[in-house]
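Peer 1: Input query-v3.txt, format and content: compact mmCIF, C-alpha atoms and all ligand atoms.
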```txt
# COMPACT_ATOMS: atom_id res chain seq x y z
CA MET U 1 0.00 0.00 0.00
CA ILE U 2 1.21 3.51 -0.82
CA PRO U 3 1.52 5.64 2.33
CA ILE U 4 -0.78 8.66 2.38
CA VAL U 5 1.43 11.69 2.96
CA ILE U 6 -1.32 14.31 2.66
CA PRO U 7 -4.70 12.96 3.88
CA TYR U 8 -8.04 14.42 2.73
CA GLY U 9 -8.92 15.44 6.28
CA ARG U 10 -7.16 15.54 9.58
CA GLN U 11 -7.95 16.63 13.15
CA ASP U 12 -6.03 19.41 14.90
CA ILE U 13 -5.11 18.49 18.49
CA ARG U 14 -3.31 21.04 20.69
CA ASP U 15 -1.75 20.90 24.14
CA GLU U 16 -4.83 22.56 25.63
CA ASP U 17 -7.01 19.74 24.23
CA VAL U 18 -4.74 17.13 25.84
CA ALA U 19 -4.84 19.04 29.14
CA ALA U 20 -8.65 19.23 29.04
CA VAL U 21 -8.93 15.48 28.48
CA GLU U 22 -6.34 14.74 31.17
CA ALA U 23 -8.27 16.85 33.67
CA VAL U 24 -11.36 14.67 33.12
CA LEU U 25 -9.30 11.48 33.41
CA ARG U 26 -8.10 12.65 36.81
CA SER U 27 -11.57 13.79 37.94
CA LYS U 28 -14.40 11.87 39.60
CA TRP U 29 -16.44 11.55 36.42
CA LEU U 30 -15.44 9.81 33.21
CA THR U 31 -19.07 9.80 32.07
CA GLN U 32 -22.37 11.36 33.21
CA GLY U 33 -20.45 14.18 34.93
CA PRO U 34 -20.45 17.92 34.28
CA ALA U 35 -18.46 18.00 31.01
CA VAL U 36 -21.30 16.82 28.74
CA PRO U 37 -23.88 19.46 29.79
CA ARG U 38 -21.17 22.12 29.67
CA PHE U 39 -20.32 21.14 26.08
CA GLU U 40 -24.02 20.95 25.14
CA GLU U 41 -24.70 24.43 26.53
CA ALA U 42 -21.66 25.88 24.78
CA VAL U 43 -22.60 24.47 21.35
CA ALA U 44 -26.24 25.54 21.75
CA ALA U 45 -25.17 29.07 22.71
CA ARG U 46 -22.62 29.25 19.88
CA CYS U 47 -25.21 28.21 17.28
CA GLY U 48 -28.22 30.07 18.66
CA ALA U 49 -30.33 27.06 19.70
CA SER U 50 -32.09 26.67 23.02
CA HIS U 51 -31.43 22.93 23.58
CA ALA U 52 -28.64 20.46 22.79
CA VAL U 53 -28.31 16.71 23.28
CA ALA U 54 -24.87 15.12 22.84
CA ALA U 55 -24.42 11.46 21.91
CA ASN U 56 -21.73 8.92 21.09
CA ASN U 57 -21.80 9.71 17.34
CA ALA U 58 -23.95 11.52 14.78
CA THR U 59 -25.46 8.28 13.48
CA SER U 60 -26.96 7.74 16.96
CA VAL U 61 -28.14 11.36 16.98
CA LEU U 62 -29.93 10.86 13.65
CA HIS U 63 -31.62 7.78 15.14
CA LEU U 64 -32.61 9.71 18.28
CA ALA U 65 -33.97 12.56 16.13
CA CYS U 66 -36.11 10.17 14.06
CA MET U 67 -37.44 8.47 17.21
CA ALA U 68 -38.20 11.81 18.88
CA LEU U 69 -40.17 12.83 15.77
CA ASP U 70 -42.16 9.58 16.12
CA LEU U 71 -40.97 8.06 12.85
CA LYS U 72 -42.50 4.58 12.71
CA PRO U 73 -43.18 1.61 10.42
CA GLY U 74 -45.52 2.79 7.67
CA ASP U 75 -43.96 6.28 7.66
CA ALA U 76 -41.55 7.58 5.01
CA LEU U 77 -38.26 9.47 5.34
CA TRP U 78 -36.79 11.28 2.35
CA THR U 79 -33.23 12.47 1.96
CA THR U 80 -30.57 13.22 -0.64
CA PRO U 81 -28.65 10.44 -2.41
CA ASN U 82 -25.48 12.58 -2.16
CA THR U 83 -24.70 11.81 1.48
CA PHE U 84 -23.18 9.30 3.83
CA VAL U 85 -25.39 6.23 4.32
CA ALA U 86 -26.24 7.25 7.91
CA SER U 87 -28.56 10.07 6.72
CA ALA U 88 -30.84 7.42 5.18
CA ASN U 89 -30.22 4.47 7.50
CA CYS U 90 -31.71 6.34 10.48
CA GLY U 91 -35.16 6.03 8.89
CA ARG U 92 -34.75 2.29 8.47
CA TYR U 93 -33.72 1.89 12.13
CA CYS U 94 -37.25 3.11 12.92
CA GLY U 95 -38.86 0.74 10.42
CA ALA U 96 -39.80 3.59 8.07
CA SER U 97 -39.38 3.43 4.30
CA VAL U 98 -36.64 5.58 2.77
CA ASP U 99 -36.74 7.47 -0.51
CA PHE U 100 -34.52 10.11 -2.12
CA VAL U 101 -34.79 13.48 -3.85
CA ASP U 102 -32.22 14.37 -6.51
CA ILE U 103 -29.68 17.14 -5.97
CA ASP U 104 -29.23 20.62 -7.37
CA ARG U 105 -26.46 20.69 -10.01
CA ASP U 106 -24.74 23.71 -8.46
CA SER U 107 -25.02 23.34 -4.69
CA LEU U 108 -25.01 19.50 -4.77
CA ASN U 109 -27.61 19.68 -1.99
CA LEU U 110 -31.16 18.30 -2.04
CA ASP U 111 -32.98 20.30 -4.72
CA PRO U 112 -36.06 22.12 -3.33
CA ILE U 113 -37.60 22.21 -6.83
CA ALA U 114 -37.30 18.42 -7.19
CA LEU U 115 -38.63 18.10 -3.63
CA ALA U 116 -41.67 20.24 -4.47
CA ALA U 117 -42.42 18.13 -7.56
CA LYS U 118 -42.07 14.86 -5.65
CA LEU U 119 -44.28 16.15 -2.81
CA GLU U 120 -46.99 17.12 -5.29
CA GLN U 121 -46.96 13.58 -6.70
CA ALA U 122 -46.82 12.02 -3.24
CA GLU U 123 -49.80 14.04 -2.07
CA LYS U 124 -51.87 12.67 -4.96
CA GLY U 125 -50.83 9.16 -3.99
CA GLY U 126 -51.50 9.84 -0.30
CA LYS U 127 -47.94 8.95 0.72
CA LEU U 128 -46.29 12.11 1.99
CA PRO U 129 -43.04 11.78 3.99
CA LYS U 130 -43.08 12.32 7.74
CA VAL U 131 -39.44 13.41 7.88
CA VAL U 132 -37.06 14.99 5.36
CA VAL U 133 -33.34 14.83 6.17
CA ALA U 134 -31.64 17.83 4.51
CA VAL U 135 -27.86 17.34 4.36
CA ASP U 136 -25.55 20.38 4.23
CA PHE U 137 -23.13 18.78 1.76
CA ALA U 138 -19.46 19.71 2.17
CA GLY U 139 -20.47 22.29 4.81
CA LEU U 140 -22.75 24.40 2.59
CA SER U 141 -26.23 24.89 4.03
CA CYS U 142 -29.17 23.60 2.04
CA ASP U 143 -31.73 26.16 0.87
CA MET U 144 -33.45 25.76 4.23
CA ALA U 145 -36.01 28.54 3.74
CA ALA U 146 -37.34 26.83 0.61
CA ILE U 147 -37.43 23.42 2.31
CA GLY U 148 -39.03 24.99 5.39
CA ALA U 149 -41.78 26.54 3.25
CA LEU U 150 -42.53 23.10 1.78
CA ALA U 151 -42.61 21.61 5.31
CA ASP U 152 -45.23 24.20 6.30
CA ARG U 153 -47.32 23.33 3.27
CA TYR U 154 -47.03 19.52 3.39
CA GLY U 155 -46.63 18.93 7.11
CA PHE U 156 -43.35 17.01 7.26
CA ARG U 157 -40.64 17.53 9.89
CA ILE U 158 -37.08 18.56 9.03
CA ILE U 159 -33.86 17.06 10.34
CA GLU U 160 -30.91 19.11 9.09
CA ASP U 161 -27.93 16.75 8.88
CA ALA U 162 -25.25 19.39 9.44
CA SER U 163 -22.53 16.81 10.11
CA HIS U 164 -20.32 18.85 7.74
CA ALA U 165 -21.53 22.28 8.66
CA ILE U 166 -20.89 23.39 12.26
CA GLY U 167 -19.49 26.92 11.98
CA GLY U 168 -21.28 27.56 8.67
CA HIS U 169 -23.91 30.24 8.11
CA TYR U 170 -27.17 30.51 6.19
CA GLN U 171 -28.69 33.92 5.46
CA GLY U 172 -26.16 35.41 7.88
CA GLN U 173 -27.18 33.17 10.78
CA PRO U 174 -25.35 30.19 12.27
CA VAL U 175 -26.24 26.71 11.07
CA GLY U 176 -27.97 24.99 13.99
CA ASN U 177 -30.19 27.87 15.11
CA GLY U 178 -33.24 25.89 14.05
CA ARG U 179 -35.00 28.65 12.15
CA HIS U 180 -35.96 26.18 9.41
CA ALA U 181 -35.26 22.77 10.98
CA ASP U 182 -36.90 20.85 13.82
CA ILE U 183 -33.59 19.22 14.76
CA THR U 184 -30.04 19.95 13.54
CA VAL U 185 -27.37 17.25 13.80
CA PHE U 186 -23.60 17.71 14.09
CA SER U 187 -20.86 15.06 13.85
CA PHE U 188 -17.60 15.27 15.77
CA HIS U 189 -15.78 12.47 13.93
CA PRO U 190 -12.07 13.40 13.50
CA VAL U 191 -12.45 14.31 9.81
CA LYS U 192 -15.23 16.80 10.57
CA ILE U 193 -14.83 20.45 11.64
CA ILE U 194 -14.30 19.88 15.39
CA THR U 195 -13.82 16.49 17.02
CA THR U 196 -14.56 14.46 20.13
CA GLY U 197 -12.98 11.27 18.68
CA GLU U 198 -16.45 9.87 18.06
CA GLY U 199 -19.42 12.03 18.89
CA GLY U 200 -22.44 13.97 17.73
CA MET U 201 -25.04 16.45 18.91
CA ALA U 202 -28.65 17.40 18.22
CA LEU U 203 -29.75 21.03 18.51
CA CYS U 204 -33.37 22.13 18.69
CA ASN U 205 -35.68 24.81 20.08
CA ASP U 206 -38.36 22.50 21.42
CA ALA U 207 -37.94 21.46 25.08
CA ALA U 208 -40.13 18.36 24.69
CA LEU U 209 -38.13 17.09 21.69
CA ALA U 210 -34.84 17.67 23.52
CA GLU U 211 -36.10 15.91 26.63
CA ARG U 212 -37.26 12.93 24.59
CA MET U 213 -33.90 12.64 22.78
CA ALA U 214 -32.05 12.86 26.10
CA ARG U 215 -34.25 10.12 27.58
CA LEU U 216 -33.89 7.84 24.54
CA ARG U 217 -30.11 8.37 24.66
CA SER U 218 -30.11 6.70 28.07
CA HIS U 219 -32.41 3.63 27.79
CA GLY U 220 -35.66 5.60 27.81
CA ILE U 221 -35.17 6.09 31.54
CA ARG U 222 -36.59 9.02 33.46
CA GLN U 223 -35.14 10.06 36.79
CA ASN U 224 -35.96 13.30 38.55
CA ALA U 225 -36.50 14.86 41.92
CA ALA U 226 -40.31 14.70 41.70
CA ILE U 227 -40.55 10.96 41.06
CA GLN U 228 -37.81 10.24 43.62
CA ALA U 229 -39.64 12.29 46.24
CA ALA U 230 -42.69 10.08 45.66
CA GLU U 231 -40.99 6.66 45.44
CA GLY U 232 -37.62 7.00 47.16
CA PRO U 233 -34.16 8.33 46.34
CA TRP U 234 -33.12 5.14 44.46
CA TYR U 235 -36.00 5.36 42.02
CA TYR U 236 -35.88 5.63 38.24
CA GLU U 237 -38.27 4.36 35.61
CA GLN U 238 -38.01 3.22 32.01
CA ILE U 239 -40.98 4.70 30.24
CA GLU U 240 -40.08 3.74 26.66
CA LEU U 241 -37.45 1.64 24.91
CA GLY U 242 -34.21 3.56 24.47
CA PHE U 243 -30.51 2.89 23.98
CA ASN U 244 -27.15 3.69 25.51
CA TYR U 245 -26.01 6.40 23.10
CA ARG U 246 -24.29 8.58 25.72
CA MET U 247 -21.21 10.72 25.11
CA THR U 248 -18.46 10.40 27.76
CA ASP U 249 -17.06 13.34 29.72
CA ILE U 250 -13.68 12.54 28.15
CA GLN U 251 -15.13 13.21 24.69
CA ALA U 252 -17.09 16.28 25.80
CA ALA U 253 -13.98 17.88 27.34
CA LEU U 254 -12.15 17.47 24.05
CA GLY U 255 -15.10 18.92 22.15
CA TYR U 256 -15.43 21.90 24.49
CA SER U 257 -11.74 22.67 24.08
CA GLN U 258 -11.98 22.34 20.27
CA LEU U 259 -15.09 24.56 20.12
CA ALA U 260 -13.00 27.54 21.25
CA ARG U 261 -11.17 27.33 17.89
CA LEU U 262 -14.23 26.79 15.67
CA ASP U 263 -14.03 30.21 14.00
CA ASP U 264 -10.29 29.79 13.38
CA TYR U 265 -10.87 26.37 11.84
CA VAL U 266 -13.55 27.59 9.47
CA ALA U 267 -11.46 30.65 8.52
CA ALA U 268 -8.43 28.45 7.79
CA ARG U 269 -10.56 26.11 5.66
CA ARG U 270 -12.10 29.04 3.78
CA ARG U 271 -8.67 30.55 3.06
CA LEU U 272 -7.44 27.23 1.65
CA ALA U 273 -10.63 26.81 -0.41
CA ASP U 274 -10.19 30.29 -1.90
CA ARG U 275 -6.57 29.42 -2.62
CA TYR U 276 -7.59 26.16 -4.38
CA ASP U 277 -10.06 28.19 -6.48
CA ARG U 278 -7.25 30.49 -7.64
CA LEU U 279 -4.70 27.72 -8.23
CA LEU U 280 -7.17 25.58 -10.19
CA ALA U 281 -8.39 28.33 -12.53
CA GLY U 282 -8.13 27.05 -16.11
CA PHE U 283 -7.99 23.33 -15.17
CA PRO U 284 -10.53 21.12 -17.02
CA LEU U 285 -12.72 20.84 -13.94
CA ARG U 286 -15.35 22.63 -11.92
CA THR U 287 -14.45 24.08 -8.52
CA PRO U 288 -17.11 24.28 -5.76
CA TRP U 289 -20.08 26.54 -6.37
CA ARG U 290 -20.36 29.66 -4.22
CA ASP U 291 -23.77 30.45 -2.77
CA ALA U 292 -24.79 34.06 -2.13
CA LYS U 293 -27.15 32.88 0.65
CA ALA U 294 -24.71 30.74 2.63
CA GLU U 295 -21.16 30.63 4.00
CA SER U 296 -19.83 27.09 3.90
CA ALA U 297 -17.93 25.58 6.84
CA TRP U 298 -15.73 23.96 4.14
CA HIS U 299 -15.67 20.40 5.46
CA LEU U 300 -14.85 19.19 1.93
CA TYR U 301 -13.33 20.70 -1.22
CA VAL U 302 -14.81 18.73 -4.12
CA ILE U 303 -13.76 19.18 -7.74
CA ARG U 304 -15.78 17.85 -10.69
CA LEU U 305 -13.80 16.72 -13.74
CA GLU U 306 -15.13 17.82 -17.13
CA ASP U 307 -14.23 14.37 -18.45
CA SER U 308 -15.70 11.72 -16.15
CA ALA U 309 -13.86 8.99 -18.08
CA ARG U 310 -10.61 10.27 -16.56
CA ARG U 311 -11.76 10.27 -12.94
CA ARG U 312 -10.35 6.90 -12.01
CA ALA U 313 -6.91 7.52 -13.57
CA VAL U 314 -6.65 10.97 -11.98
CA PHE U 315 -7.70 9.56 -8.61
CA GLU U 316 -5.16 6.73 -8.85
CA HIS U 317 -2.39 9.11 -9.93
CA LEU U 318 -3.02 11.26 -6.85
CA ARG U 319 -3.18 8.28 -4.48
CA ALA U 320 0.07 6.93 -5.99
CA ALA U 321 1.62 10.32 -5.22
CA GLY U 322 0.65 9.93 -1.54
CA ILE U 323 -2.29 12.31 -1.72
CA GLY U 324 -5.29 10.96 0.16
CA VAL U 325 -8.02 12.04 -2.21
CA ASN U 326 -11.47 10.60 -1.65
CA VAL U 327 -14.91 10.49 -3.27
CA HIS U 328 -18.00 11.95 -1.56
CA TYR U 329 -20.42 10.34 -2.16
CA ILE U 330 -21.35 7.11 -3.89
CA PRO U 331 -25.11 7.77 -4.28
CA VAL U 332 -26.76 5.99 -1.36
CA HIS U 333 -29.48 4.43 -3.53
CA LEU U 334 -26.79 2.58 -5.52
CA GLN U 335 -25.45 0.75 -2.45
CA PRO U 336 -26.24 -2.98 -2.71
CA ASP U 337 -28.33 -2.84 0.46
CA TYR U 338 -30.49 -0.11 -1.14
CA ARG U 339 -30.69 -1.82 -4.55
CA HIS U 340 -32.22 -4.76 -2.67
CA LEU U 341 -35.00 -2.34 -1.70
CA GLY U 342 -35.68 -1.68 -5.39
CA PHE U 343 -33.53 1.36 -6.23
CA ALA U 344 -31.62 1.26 -9.53
CA PRO U 345 -29.20 3.29 -11.65
CA GLY U 346 -31.04 6.14 -13.36
CA ASP U 347 -33.32 6.87 -10.39
CA PHE U 348 -31.47 10.08 -9.42
CA PRO U 349 -29.48 11.07 -12.53
CA ILE U 350 -27.98 14.34 -11.30
CA ALA U 351 -26.46 12.73 -8.20
CA GLU U 352 -25.26 9.81 -10.34
CA ASP U 353 -23.61 12.05 -12.96
CA TYR U 354 -22.02 14.18 -10.25
CA TYR U 355 -20.60 11.03 -8.63
CA THR U 356 -18.78 9.99 -11.82
CA ARG U 357 -16.80 13.28 -11.85
CA ALA U 358 -16.16 13.99 -8.19
CA ILE U 359 -12.83 13.98 -6.37
CA THR U 360 -12.38 15.36 -2.84
CA LEU U 361 -9.04 17.13 -2.44
CA PRO U 362 -7.24 17.42 0.92
CA LEU U 363 -8.60 20.23 3.09
CA TYR U 364 -7.99 20.71 6.81
CA PRO U 365 -6.68 23.56 8.98
CA GLY U 366 -3.16 22.12 9.25
CA LEU U 367 -2.71 21.76 5.46
CA SER U 368 0.26 23.97 4.53
CA ASP U 369 0.42 26.10 1.40
CA ALA U 370 3.39 23.97 0.24
CA GLU U 371 1.33 20.77 0.65
CA GLN U 372 -1.57 22.37 -1.16
CA ASP U 373 0.79 23.42 -3.99
CA ARG U 374 1.90 19.80 -4.22
CA VAL U 375 -1.70 18.59 -4.52
CA VAL U 376 -2.27 21.09 -7.33
CA SER U 377 0.91 20.20 -9.23
CA GLU U 378 0.14 16.46 -9.02
CA LEU U 379 -3.38 17.19 -10.23
CA ARG U 380 -1.93 19.21 -13.13
CA ALA U 381 0.34 16.26 -14.01
CA ALA U 382 -2.55 13.80 -13.75
CA LEU U 383 -4.67 15.90 -16.13
CA ALA U 384 -1.85 16.56 -18.62
C1 LIG M 401 -20.02 11.76 9.19
C2 LIG M 401 -21.46 11.83 8.79
C3 LIG M 401 -22.48 11.19 9.49
C4 LIG M 401 -22.21 10.23 10.60
O1 LIG M 401 -21.43 10.76 11.60
P1 LIG M 401 -20.81 9.83 12.73
O2 LIG M 401 -20.49 10.80 13.82
O3 LIG M 401 -19.58 9.20 12.11
O4 LIG M 401 -21.81 8.82 13.11
C5 LIG M 401 -23.79 11.39 9.11
N1 LIG M 401 -24.10 12.17 8.06
C6 LIG M 401 -23.15 12.78 7.33
C7 LIG M 401 -23.56 13.64 6.19
C8 LIG M 401 -21.81 12.61 7.66
O5 LIG M 401 -20.86 13.18 6.91
```
Taking this structure as input, can you express it in the form of C-alpha cells?
Peer 2:
Amino acid sequence: MIPIVIPYGRQDIRDEDVAAVEAVLRSKWLTQGPAVPRFEEAVAARCGASHAVAANNATSVLHLACMALDLKPGDALWTTPNTFVASANCGRYCGASVDFVDIDRDSLNLDPIALAAKLEQAEKGGKLPKVVVAVDFAGLSCDMAAIGALADRYGFRIIEDASHAIGGHYQGQPVGNGRHADITVFSFHPVKIITTGEGGMALCNDAALAERMARLRSHGIRQNAAIQAAEGPWYYEQIELGFNYRMTDIQAALGYSQLARLDDYVAARRRLADRYDRLLAGFPLRTPWRDAKAESAWHLYVIRLEDSARRRAVFEHLRAAGIGVNVHYIPVHLQPDYRHLGFAPGDFPIAEDYYTRAITLPLYPGLSDAEQDRVVSELRAALA
C-alpha cells in the first residue's frame, strides 16, 4: 500500500485539548459528569439554539432525532442520495421506508424544486413523507427557507444533517439555530470540523423534543426529583425503549476545548478553499459553487472533472503520489443494500452524474500552502 502523505482530512489536536482530556481522566467523572452538559450548553449558545443533546456519534443522533419525531413503520423518510449512508439508515432503524430526492447541479444539496415536484406527486398518492433529512453537503447549508416553506405546506418535519456544517452560516445566521429545521445534527468524527474522537449532537428549540432525545439516549429512563420524592431516592423508571447512546465526559472535554477554535478552523478552511479556487483556474474541472445565501464551513473541497472517463486515472495518480483524495459520495441508492429495496441506476441522474466526476481534495486547517501546492501540481500532471 502507498503511504498517504497528505490525507483528505485531519484533526487538529493542541496541548490545551490534551490538558482538558487529562483533567477529566483525573476527575471523579469519566461519564455522566459535568463535562457533557457544559459542552451541550456551549454548542447551543454558539449556534443560537435553546437545547442540545450530545451522543456517542452523529449516526446515533440521527436515530434519536427520528425516534423523537415519532418516525414509525408505515412512515416515510426522504433524503438526498449525495450523502453518507447514515442520513438514510436512520429512517430504516425506525422501520420507516426511505426514498430520495435528486440534488441541485450547483449546490449539490437536495434540490427544493425536485422536492416540491415529488411532494406534489406524493400528495396525490396519499404517501407524503413524515421526515425529510436535509444534508448540508461539504459544509454548505441547504436552501433551508425553501425546504421549510414546503414543510409548512405539506406537514413534514425537518432534520438538518449538518454533520459537515458546524461553523457555517445561512442567510447570515449560524447553522444549527433551528429557524428552518426541527432538529439539527452535528458530527464530531475526527475528519469533521471539530472532534470528540467519536461524537455527535442534536440542537433544537423544542424542550419536549430535547427531553425525549435525552431520555432515549439513556435507555428511555426518566429520573428526577419529583418521582424520587414520591418513590424513594433510588428510584428511576423506564418509560419507553431507548438505547445507551451517551457521550463520555472525556469526549465532551475534548469537544469543548476544540469549540474555542471553531471560528479559526472555518477561517483556515475558507482561506485554503479560496486558494484552491485560484490555483485551479483554467484546469478542465469545476471548482465548488459559491452560494450568495450561505457561507460554507468547508468540510470538503470537491472538484468535478469535465471528463468523467478520466476520474479513475486521476484519482489513482493522486493516491500513488501519496495524496489521500477521496470520493464523496457514492449515491446511497446505488449501495447494494439499497438496490435490494428496489432502487436502480437512473433513479437520481444528477447525483449519479455528479458522482462519476467527483474527487475530494485534501482540506484541513493544518494543510500547509506547500502541501496544497503539491496537490495542485500532481493534479496538473494527472490531467496533462
Ligand atoms: C459523518 C457523517 C455522518 C455520521 O457521523 P458519525 O459521527 O460518524 O456517526 C452522518 N451524516 C453525514 C452527512 C456525515 O458526513
Peer 1: Report as a ChimeraX atom specification which protein, DNA and RNA residues come within 7 Å of ligand LIG 401 (chain M), using only C-alpha atoms and all ligand atoms.
Peer 2: /U:57-60,83-84,86-87,135,137,161-164,187-189,198-200
Peer 1: Using CA of Ala117 in chain U and CA of Ser296 in chain U as the two end points, give the distance in Å to one decimal.
Peer 2: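 CA of Ser296 in chain U lies 26.9 Å from CA of Ala117 in chain U.
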Peer 1: Which polymer residues, whether protein, DNA or RNA, lie within 9 Å of the coordinate (-11.8, 24.8, -10.2) when you count all atoms listed in the file? List them as a list of chain:residue names, using the chain letters and numbers from the file.
Peer 2: U:Tyr276, U:Asp277, U:Arg278, U:Leu279, U:Leu280, U:Ala281, U:Gly282, U:Phe283, U:Pro284, U:Leu285, U:Arg286, U:Thr287, U:Pro288, U:Ile303, U:Arg304
Peer 1: Take the residues from that selection and write them out as a PDB file, in the frame of the given file, keeping C-alpha atoms.
Peer 2:
```
ATOM      1  CA  TYR U 276      -7.590  26.160  -4.380  1.00  0.00           C
ATOM      2  CA  ASP U 277     -10.060  28.190  -6.480  1.00  0.00           C
ATOM      3  CA  ARG U 278      -7.250  30.490  -7.640  1.00  0.00           C
ATOM      4  CA  LEU U 279      -4.700  27.720  -8.230  1.00  0.00           C
ATOM      5  CA  LEU U 280      -7.170  25.580 -10.190  1.00  0.00           C
ATOM      6  CA  ALA U 281      -8.390  28.330 -12.530  1.00  0.00           C
ATOM      7  CA  GLY U 282      -8.130  27.050 -16.110  1.00  0.00           C
ATOM      8  CA  PHE U 283      -7.990  23.330 -15.170  1.00  0.00           C
ATOM      9  CA  PRO U 284     -10.530  21.120 -17.020  1.00  0.00           C
ATOM     10  CA  LEU U 285     -12.720  20.840 -13.940  1.00  0.00           C
ATOM     11  CA  ARG U 286     -15.350  22.630 -11.920  1.00  0.00           C
ATOM     12  CA  THR U 287     -14.450  24.080  -8.520  1.00  0.00           C
ATOM     13  CA  PRO U 288     -17.110  24.280  -5.760  1.00  0.00           C
ATOM     14  CA  ILE U 303     -13.760  19.180  -7.740  1.00  0.00           C
ATOM     15  CA  ARG U 304     -15.780  17.850 -10.690  1.00  0.00           C
TER      16      ARG U 304
END
```
Peer 1: CA of Leu318 in chain U and CA of Val375 in chain U are how many Å apart?
Peer 2: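 So the two atoms, CA of Leu318 in chain U and CA of Val375 in chain U, lie 7.8 Å apart.
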Peer 1: Please compute the CA of Glu237 in chain U-CA of Arg215 in chain U distance, one decimal, in Å.
Peer 2: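 According to the coordinates, CA of Glu237 in chain U and CA of Arg215 in chain U are separated by 10.7 Å.
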Peer 1: Please work out which residues fall within 12 Å of (-25.1, 18.9, 24.6), coordinates as given in the file, with only C-alpha atoms counting, and return them as an MDAnalysis selection string.
Peer 2: chainID U and resid 32 34:47 49:56 61 185:186 199:204 210:211 213:214 217 246:249 251:253 255:256
Peer 1: Could you tell me which of U:Glu295, U:Glu240, U:Glu378, U:Glu231 comes closest to His317 in chain U if we count only C-alpha atoms?
Peer 2: U:Glu378
Peer 1: Which of these, U:Gly95, U:Pro73, U:Pro349, U:Pro81, has the shortest distance to Val133 in chain U once you count only C-alpha atoms?
Peer 2: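 Closest candidate: U:Pro81.
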Peer 1: Can I get the residues of range 127-226 of chain U within 10 Å of range 96-105 of chain U, each with the closest pair of atoms and their distance in Å to one decimal, using all atoms listed in the file, sorted chain first then ascending number, as a tab-separated table?
Peer 2:
```
residue	atom	partner	partner_atom	distance
U:Pro129	CA	U:Asp99	CA	8.9
U:Lys130	CA	U:Ala96	CA	9.3
U:Val131	CA	U:Val98	CA	9.8
U:Val132	CA	U:Phe100	CA	9.3
U:Val133	CA	U:Phe100	CA	9.6
U:Ala134	CA	U:Val101	CA	9.9
U:Cys142	CA	U:Asp104	CA	9.9
```
Peer 1: Using all atoms listed in the file, pick whichever of U:His340, U:Ser308, U:Tyr355, U:Gly167 has the shortest atom-to-atom distance to Asn326 in chain U.
Peer 2: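 Between U:His340, U:Ser308, U:Tyr355, U:Gly167, the residue approaching Asn326 in chain U most closely is U:Tyr355.
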Peer 1: Between U:Val5, U:Leu77, U:Val85, U:Ala68, which one has atoms that come closest to Tyr338 in chain U, using only C-alpha atoms?
Peer 2: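 Of all the options, U:Val85 lies closest to Tyr338 in chain U.
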Peer 1: Which of these residues is nearest to Arg212 in chain U, using only C-alpha atoms: U:Gly33, U:Gly242, U:Gly155, U:Gly148?
Peer 2: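 With only C-alpha atoms as the atom set, the closest residue is U:Gly242.
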Peer 1: Measuring between all atoms listed in the file, which one of U:Ala229, U:Val302, U:Leu363, U:Leu383 shows the shortest distance to Tyr329 in chain U?
Peer 2: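 Closest candidate: U:Val302.
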Peer 1: Report as a Markdown table: every residue of range 244-340 of chain U with an atom at most 9 Å from range 191-196 of chain U, its closest pair of atoms, and their distance in Å to one decimal, counting only C-alpha atoms, with rows sorted by chain and ascending residue number.
Peer 2:
```
| residue | atom | partner | partner_atom | distance |
| --- | --- | --- | --- | --- |
| U:Ile250 | CA | U:Thr196 | CA | 8.3 |
| U:Gln251 | CA | U:Thr196 | CA | 4.8 |
| U:Ala252 | CA | U:Thr196 | CA | 6.5 |
| U:Ala253 | CA | U:Thr196 | CA | 8.0 |
| U:Leu254 | CA | U:Thr196 | CA | 5.5 |
| U:Gly255 | CA | U:Thr196 | CA | 4.9 |
| U:Tyr256 | CA | U:Thr196 | CA | 8.7 |
| U:Gln258 | CA | U:Ile194 | CA | 5.9 |
| U:Leu259 | CA | U:Ile194 | CA | 6.7 |
| U:Arg261 | CA | U:Ile194 | CA | 8.5 |
| U:Leu262 | CA | U:Ile194 | CA | 6.9 |
| U:Tyr265 | CA | U:Ile193 | CA | 7.1 |
| U:Val266 | CA | U:Ile193 | CA | 7.6 |
| U:Ala297 | CA | U:Ile193 | CA | 7.7 |
| U:Trp298 | CA | U:Ile193 | CA | 8.3 |
| U:His299 | CA | U:Ile193 | CA | 6.2 |
| U:Leu300 | CA | U:Lys192 | CA | 9.0 |
```
Peer 1: With 3 Å on each side, where is the centre of the axis-aligned box around all listed atoms of range 343-349 of chain U, and how long are its edges in Å to one decimal, as AutoDock Vina command-line options?
Peer 2:
```
--center_x -31.4 --center_y 6.2 --center_z -9.8 --size_x 10.3 --size_y 15.8 --size_z 13.1
```
